[in-house]
$ cat work-v1.txt   # compact mmCIF, C-alpha atoms
# COMPACT_ATOMS: atom_id res chain seq x y z
CA GLY A 1 0.00 0.00 0.00
CA GLY A 2 0.95 3.62 -0.31
CA ASN A 3 0.91 6.67 1.88
CA ILE A 4 -2.00 8.72 0.60
CA ALA A 5 -0.94 11.95 2.31
CA ASN A 6 2.54 11.78 0.79
CA GLY A 7 1.04 10.93 -2.59
CA GLU A 8 -1.21 13.95 -2.42
CA ALA A 9 1.70 16.21 -1.48
CA LEU A 10 3.79 14.89 -4.38
CA VAL A 11 0.97 15.35 -6.87
CA LYS A 12 0.29 18.88 -5.70
CA LYS A 13 3.96 19.84 -6.06
CA ARG A 14 3.79 18.80 -9.70
CA THR A 15 1.63 19.92 -12.58
CA CYS A 16 -0.41 16.71 -12.82
CA ALA A 17 -3.76 18.47 -12.68
CA SER A 18 -2.92 20.77 -15.57
CA CYS A 19 -3.32 17.82 -17.94
CA HIS A 20 -5.25 15.20 -15.99
CA GLY A 21 -7.78 17.64 -14.53
CA ALA A 22 -8.23 19.03 -11.05
CA ASP A 23 -10.30 15.98 -10.07
CA PHE A 24 -8.19 13.55 -12.15
CA ASN A 25 -11.38 12.56 -13.85
CA LYS A 26 -11.79 15.18 -16.55
CA PRO A 27 -8.55 15.60 -18.51
CA THR A 28 -8.01 19.05 -19.95
CA ASN A 29 -7.55 17.45 -23.37
CA GLU A 30 -9.04 14.20 -24.61
CA ILE A 31 -5.59 12.89 -25.48
CA TYR A 32 -4.80 12.52 -21.75
CA PRO A 33 -6.09 9.63 -19.64
CA ARG A 34 -8.57 9.78 -16.84
CA LEU A 35 -6.82 8.51 -13.73
CA ALA A 36 -9.64 8.45 -11.20
CA GLY A 37 -11.15 5.00 -11.08
CA GLN A 38 -7.98 3.13 -12.05
CA HIS A 39 -6.54 0.56 -9.70
CA ALA A 40 -3.49 1.64 -7.70
CA GLU A 41 -1.45 -1.28 -9.03
CA TYR A 42 -1.94 -0.12 -12.61
CA LEU A 43 -1.18 3.49 -11.76
CA LYS A 44 2.05 2.51 -10.01
CA HIS A 45 3.04 0.34 -12.97
CA ALA A 46 2.45 3.22 -15.37
CA LEU A 47 4.52 5.66 -13.30
CA ILE A 48 7.40 3.19 -13.08
CA ALA A 49 7.18 2.63 -16.84
CA TYR A 50 7.56 6.38 -17.46
CA LYS A 51 10.59 6.44 -15.17
CA ARG A 52 12.17 3.54 -17.09
CA GLY A 53 11.78 5.28 -20.43
CA ASP A 54 12.87 3.09 -23.36
CA GLY A 55 13.25 -0.64 -22.84
CA PRO A 56 11.08 -3.50 -21.64
CA ASN A 57 7.90 -2.35 -19.96
CA GLY A 58 8.94 1.25 -20.40
CA ARG A 59 7.15 4.30 -21.69
CA ASN A 60 8.93 7.16 -23.40
CA ASN A 61 7.10 10.43 -22.76
CA PRO A 62 9.05 13.61 -22.11
CA ILE A 63 6.40 15.27 -19.98
CA MET A 64 5.86 12.25 -17.76
CA ALA A 65 9.59 11.52 -17.60
CA SER A 66 10.32 14.93 -16.13
CA ASN A 67 7.60 14.49 -13.55
CA VAL A 68 8.76 11.09 -12.30
CA ALA A 69 12.53 11.49 -12.61
CA ASP A 70 13.14 12.14 -8.92
CA LEU A 71 10.47 9.80 -7.54
CA SER A 72 11.31 6.64 -5.62
CA ASN A 73 9.29 3.47 -6.06
CA GLN A 74 7.64 4.24 -2.72
CA ASP A 75 6.80 7.76 -3.90
CA MET A 76 5.11 6.28 -6.97
CA ALA A 77 3.19 3.80 -4.81
CA ASP A 78 2.09 6.74 -2.66
CA ILE A 79 0.89 8.73 -5.68
CA ALA A 80 -0.98 5.66 -6.96
CA ALA A 81 -2.64 5.21 -3.57
CA TYR A 82 -3.67 8.87 -3.52
CA LEU A 83 -5.13 8.83 -7.04
CA HIS A 84 -6.96 5.59 -6.34
CA SER A 85 -8.42 7.06 -3.15
CA LEU A 86 -9.92 10.12 -4.80
CA PRO A 87 -13.65 10.58 -4.54
CA SER A 88 -14.35 10.02 -8.19
CA ASP A 89 -17.47 11.36 -9.79
CA LEU A 90 -17.81 7.88 -11.22
CA VAL A 91 -19.92 5.40 -9.33
CA LEU A 92 -20.96 1.86 -10.10
CA LYS A 93 -24.37 1.55 -11.65
CA ARG A 94 -26.68 -0.53 -9.47
CA GLY B 1 -13.77 9.31 -35.90
CA GLY B 2 -13.52 5.58 -36.08
CA ASN B 3 -15.63 2.72 -37.38
CA ILE B 4 -17.12 1.14 -34.28
CA ALA B 5 -18.13 -2.09 -36.01
CA ASN B 6 -14.63 -2.65 -37.37
CA GLY B 7 -13.17 -1.79 -33.98
CA GLU B 8 -15.39 -4.37 -32.31
CA ALA B 9 -14.41 -7.02 -34.84
CA LEU B 10 -10.70 -6.29 -34.33
CA VAL B 11 -11.00 -6.43 -30.54
CA LYS B 12 -12.91 -9.70 -30.65
CA LYS B 13 -10.28 -11.32 -32.89
CA ARG B 14 -7.68 -10.52 -30.25
CA THR B 15 -7.37 -11.45 -26.61
CA CYS B 16 -8.05 -7.95 -25.25
CA ALA B 17 -10.79 -9.09 -22.87
CA SER B 18 -8.59 -11.71 -21.24
CA CYS B 19 -6.70 -8.90 -19.48
CA HIS B 20 -8.96 -5.85 -19.71
CA GLY B 21 -12.14 -7.71 -18.82
CA ALA B 22 -15.12 -8.74 -20.89
CA ASP B 23 -16.71 -5.33 -20.37
CA PHE B 24 -13.37 -3.46 -20.53
CA ASN B 25 -14.23 -2.03 -17.18
CA LYS B 26 -13.11 -4.73 -14.76
CA PRO B 27 -9.56 -5.84 -15.58
CA THR B 28 -8.79 -9.43 -14.69
CA ASN B 29 -5.80 -8.19 -12.68
CA GLU B 30 -5.40 -4.81 -10.98
CA ILE B 31 -2.19 -4.20 -12.87
CA TYR B 32 -4.16 -3.71 -16.10
CA PRO B 33 -6.02 -0.51 -16.92
CA ARG B 34 -9.72 -0.02 -17.19
CA LEU B 35 -10.45 1.15 -20.71
CA ALA B 36 -14.15 1.88 -20.55
CA GLY B 37 -14.70 5.54 -19.85
CA GLN B 38 -11.50 6.75 -21.50
CA HIS B 39 -11.67 9.20 -24.37
CA ALA B 40 -11.14 7.75 -27.85
CA GLU B 41 -8.28 10.17 -28.52
CA TYR B 42 -6.34 8.86 -25.54
CA LEU B 43 -7.02 5.22 -26.41
CA LYS B 44 -5.83 5.76 -29.98
CA HIS B 45 -2.71 7.51 -28.73
CA ALA B 46 -1.93 4.62 -26.39
CA LEU B 47 -2.35 1.99 -29.13
CA ILE B 48 -0.08 3.94 -31.47
CA ALA B 49 2.50 4.25 -28.67
CA TYR B 50 2.54 0.46 -28.23
CA LYS B 51 3.04 0.04 -31.96
CA ARG B 52 5.98 2.48 -31.91
CA GLY B 53 7.72 0.61 -29.11
CA ASP B 54 10.90 2.35 -27.94
CA GLY B 55 11.47 5.98 -28.84
CA PRO B 56 9.63 9.25 -28.40
CA ASN B 57 6.03 8.80 -27.31
CA GLY B 58 6.44 5.05 -27.45
CA ARG B 59 5.55 2.29 -25.06
CA ASN B 60 7.48 -0.96 -24.87
CA ASN B 61 5.21 -3.80 -23.82
CA PRO B 62 5.55 -7.24 -25.42
CA ILE B 63 1.92 -8.25 -24.97
CA MET B 64 0.52 -5.04 -26.41
CA ALA B 65 3.14 -4.96 -29.17
CA SER B 66 2.04 -8.34 -30.47
CA ASN B 67 -1.58 -7.23 -30.45
CA VAL B 68 -1.05 -4.01 -32.40
CA ALA B 69 1.72 -5.10 -34.79
CA ASP B 70 -0.55 -5.57 -37.80
CA LEU B 71 -2.96 -2.71 -37.10
CA SER B 72 -3.16 0.38 -39.28
CA ASN B 73 -3.71 3.83 -37.78
CA GLN B 74 -7.31 3.59 -38.96
CA ASP B 75 -7.70 0.20 -37.28
CA MET B 76 -6.47 1.73 -34.03
CA ALA B 77 -8.87 4.65 -34.40
CA ASP B 78 -11.65 2.12 -34.96
CA ILE B 79 -10.74 0.16 -31.83
CA ALA B 80 -10.60 3.40 -29.83
CA ALA B 81 -14.03 4.37 -31.12
CA TYR B 82 -15.43 0.97 -30.17
CA LEU B 83 -13.99 1.03 -26.65
CA HIS B 84 -15.18 4.59 -26.11
CA SER B 85 -18.67 3.60 -27.26
CA LEU B 86 -19.08 0.76 -24.78
CA PRO B 87 -21.90 0.98 -22.30
CA SER B 88 -19.73 1.36 -19.22
CA ASP B 89 -21.03 0.43 -15.82
CA LEU B 90 -19.70 3.79 -14.73
CA VAL B 91 -22.14 6.67 -14.61
CA LEU B 92 -21.76 10.28 -13.59
CA LYS B 93 -22.78 11.00 -10.03
CA ARG B 94 -25.61 13.52 -9.95

$ encode --input "work-v1.txt" --output "C-alpha cells"
Amino acid sequence: GGNIANGEALVKKRTCASCHGADFNKPTNEIYPRLAGQHAEYLKHALIAYKRGDGPNGRNNPIMASNVADLSNQDMADIAAYLHSLPSDLVLKR
Amino acid sequence: GGNIANGEALVKKRTCASCHGADFNKPTNEIYPRLAGQHAEYLKHALIAYKRGDGPNGRNNPIMASNVADLSNQDMADIAAYLHSLPSDLVLKR
C-alpha cells in the first residue's frame, strides 16, 4: 500500500492536474487519460514505466519523464494510492 | 472518428478481454487498466504508442506490441471508437 498523504503532497507539487484535470477525472484534453477509477497497481506500474523510459515495460514520454525522474518506487506507490483514493465522480451503476 | 463495427471485430479477434475484462471495465488483474470511460483520442494515442515501441512517445510492452503489430492507424482509431462507445457500468454521479 501507499501513503495517501505523501502521494497527495507529491501530486500537488507537480503539474499533474494541468493535464489530468483538477479531479483527475476530466482531462483538460481528450488525449490525456482519466486517472480516477484506475486501480493503484496499474497506476504505479504506469509511473514506473515512465521512469524507465525506453526498454522492456517502459514508456517514453518527455512530460511524464520529467515528472517522475526524482520519484522513488515508494513515492510512486504513494501517488498511486492517492489517485486511487480520490472521490471520483464515477460510481458503479446498481 | 472511427468505425465502431470494425473496432469491435478487431477487438474480438484478439485477446483484449482476457486482461482488460469482458466489459473493458473490470480488468482481470489490478495491474491492467480499465479502458471503458476513456476518451477515444487517448485510447488511440496509447495503441499507437505500443506500436511504436521504444522511442519518443512510445511504449514498450511485449503483450501489447504483439496485439497491435498488424494494425493500421485507422484500425487503431476504430478500436478506440469501439472502446469509447461501450456501455460502461460507470455513470456520472448527480

$ interface_residues --input "work-v1.txt" --of "chain A" --to "chain B" --cutoff "10 Å" --atoms "all atoms listed in the file" --output "PyMOL selection string"
chain A and resi 25-27+29-35+37-46+49-50+53-63+88-94

$ calpha_fit_rmsd --input "work-v1.txt" --fixed "chain A" --moving "chain B"
0.1 Å

$ residues_around --input "work-v1.txt" --residues "Arg14 (chain A)" --least-positions-apart "4" --cutoff "12 Å" --atoms "only C-alpha atoms" --output "tab-separated table (two decimals) with C-alpha atoms, in the coordinates of the input"
chain	number	residue	atom	x	y	z
A	7	GLY	CA	1.04	10.93	-2.59
A	8	GLU	CA	-1.21	13.95	-2.42
A	9	ALA	CA	1.70	16.21	-1.48
A	10	LEU	CA	3.79	14.89	-4.38
A	18	SER	CA	-2.92	20.77	-15.57
A	19	CYS	CA	-3.32	17.82	-17.94
A	20	HIS	CA	-5.25	15.20	-15.99
A	63	ILE	CA	6.40	15.27	-19.98
A	64	MET	CA	5.86	12.25	-17.76
A	66	SER	CA	10.32	14.93	-16.13
A	67	ASN	CA	7.60	14.49	-13.55
A	68	VAL	CA	8.76	11.09	-12.30
A	69	ALA	CA	12.53	11.49	-12.61
A	70	ASP	CA	13.14	12.14	-8.92
A	71	LEU	CA	10.47	9.80	-7.54
A	79	ILE	CA	0.89	8.73	-5.68

$ atom_distance --input "work-v1.txt" --atom1 "CA of Thr15 (chain A)" --atom2 "CA of Tyr82 (chain A)"
15.2 Å

$ atom_distance --input "work-v1.txt" --atom1 "CA of Asp75 (chain A)" --atom2 "CA of Gly1 (chain A)"
11.0 Å

$ atom_distance --input "work-v1.txt" --atom1 "CA of Asp23 (chain A)" --atom2 "CA of Ser72 (chain A)"
24.0 Å

$ residues_around --input "work-v1.txt" --residues "Asn6 (chain A)" --least-positions-apart "5" --cutoff "10 Å" --atoms "only C-alpha atoms" --output "list in words"
Val11, Lys12, Gln74, Asp75, Met76, Ala77, Asp78, Ile79, Ala81 and Tyr82 of chain A

$ build_atoms --input "work-v1.txt" --residues "region 31-42 of chain A" --atoms "all heavy atoms" --output "compact mmCIF listing (two decimals), in the coordinates of the input"
# COMPACT_ATOMS: atom_id res chain seq x y z
N ILE A 31 -6.73 13.78 -25.23
CA ILE A 31 -5.59 12.89 -25.48
C ILE A 31 -4.99 12.37 -24.18
O ILE A 31 -4.21 11.42 -24.20
CB ILE A 31 -4.53 13.59 -26.35
CG1 ILE A 31 -3.66 12.54 -27.04
CG2 ILE A 31 -3.70 14.56 -25.52
CD1 ILE A 31 -2.77 13.08 -28.12
N TYR A 32 -5.35 12.95 -23.04
CA TYR A 32 -4.80 12.52 -21.75
C TYR A 32 -5.76 11.56 -21.06
O TYR A 32 -6.97 11.70 -21.17
CB TYR A 32 -4.54 13.72 -20.85
CG TYR A 32 -3.64 14.76 -21.45
CD1 TYR A 32 -4.03 16.08 -21.54
CD2 TYR A 32 -2.40 14.41 -21.95
CE1 TYR A 32 -3.21 17.05 -22.10
CE2 TYR A 32 -1.56 15.36 -22.51
CZ TYR A 32 -1.97 16.68 -22.59
OH TYR A 32 -1.17 17.62 -23.15
N PRO A 33 -5.21 10.61 -20.30
CA PRO A 33 -6.09 9.63 -19.64
C PRO A 33 -6.75 10.17 -18.38
O PRO A 33 -6.20 11.01 -17.67
CB PRO A 33 -5.12 8.50 -19.28
CG PRO A 33 -3.80 9.15 -19.14
CD PRO A 33 -3.79 10.28 -20.14
N ARG A 34 -7.92 9.62 -18.14
CA ARG A 34 -8.57 9.78 -16.84
C ARG A 34 -7.88 8.84 -15.88
O ARG A 34 -7.67 7.66 -16.18
CB ARG A 34 -10.04 9.41 -16.96
CG ARG A 34 -10.78 10.29 -17.92
CD ARG A 34 -12.12 9.70 -18.27
NE ARG A 34 -13.04 9.79 -17.14
CZ ARG A 34 -14.34 9.53 -17.25
NH1 ARG A 34 -14.86 9.15 -18.41
NH2 ARG A 34 -15.11 9.63 -16.20
N LEU A 35 -7.52 9.34 -14.71
CA LEU A 35 -6.82 8.51 -13.73
C LEU A 35 -7.74 8.05 -12.61
O LEU A 35 -7.55 6.96 -12.07
CB LEU A 35 -5.63 9.30 -13.16
CG LEU A 35 -4.61 9.77 -14.21
CD1 LEU A 35 -3.48 10.53 -13.54
CD2 LEU A 35 -4.07 8.62 -15.04
N ALA A 36 -8.70 8.86 -12.25
CA ALA A 36 -9.64 8.45 -11.20
C ALA A 36 -10.34 7.18 -11.66
O ALA A 36 -10.74 7.05 -12.82
CB ALA A 36 -10.66 9.56 -10.94
N GLY A 37 -10.47 6.24 -10.76
CA GLY A 37 -11.15 5.00 -11.08
C GLY A 37 -10.21 3.87 -11.48
O GLY A 37 -10.63 2.72 -11.57
N GLN A 38 -8.94 4.19 -11.74
CA GLN A 38 -7.98 3.13 -12.05
C GLN A 38 -7.49 2.49 -10.75
O GLN A 38 -7.42 3.15 -9.71
CB GLN A 38 -6.77 3.68 -12.82
CG GLN A 38 -7.08 4.20 -14.20
CD GLN A 38 -7.45 3.11 -15.21
OE1 GLN A 38 -7.46 1.92 -14.89
NE2 GLN A 38 -7.79 3.53 -16.41
N HIS A 39 -7.11 1.24 -10.85
CA HIS A 39 -6.54 0.56 -9.70
C HIS A 39 -5.15 1.12 -9.39
O HIS A 39 -4.39 1.50 -10.29
CB HIS A 39 -6.43 -0.94 -9.99
CG HIS A 39 -7.75 -1.62 -10.06
ND1 HIS A 39 -8.60 -1.72 -8.99
CD2 HIS A 39 -8.40 -2.24 -11.08
CE1 HIS A 39 -9.69 -2.36 -9.34
NE2 HIS A 39 -9.60 -2.69 -10.61
N ALA A 40 -4.80 1.13 -8.11
CA ALA A 40 -3.49 1.64 -7.70
C ALA A 40 -2.35 0.85 -8.33
O ALA A 40 -1.32 1.43 -8.71
CB ALA A 40 -3.37 1.63 -6.16
N GLU A 41 -2.53 -0.46 -8.45
CA GLU A 41 -1.45 -1.28 -9.03
C GLU A 41 -1.14 -0.83 -10.46
O GLU A 41 0.03 -0.77 -10.86
CB GLU A 41 -1.84 -2.76 -9.04
CG GLU A 41 -1.59 -3.45 -7.72
CD GLU A 41 -0.14 -3.35 -7.26
OE1 GLU A 41 0.75 -3.72 -8.04
OE2 GLU A 41 0.09 -2.87 -6.14
N TYR A 42 -2.18 -0.59 -11.24
CA TYR A 42 -1.94 -0.12 -12.61
C TYR A 42 -1.28 1.25 -12.62
O TYR A 42 -0.34 1.49 -13.39
CB TYR A 42 -3.24 -0.07 -13.42
CG TYR A 42 -3.03 0.67 -14.72
CD1 TYR A 42 -2.21 0.12 -15.70
CD2 TYR A 42 -3.54 1.94 -14.92
CE1 TYR A 42 -1.93 0.82 -16.87
CE2 TYR A 42 -3.29 2.64 -16.08
CZ TYR A 42 -2.48 2.08 -17.05
OH TYR A 42 -2.20 2.78 -18.19
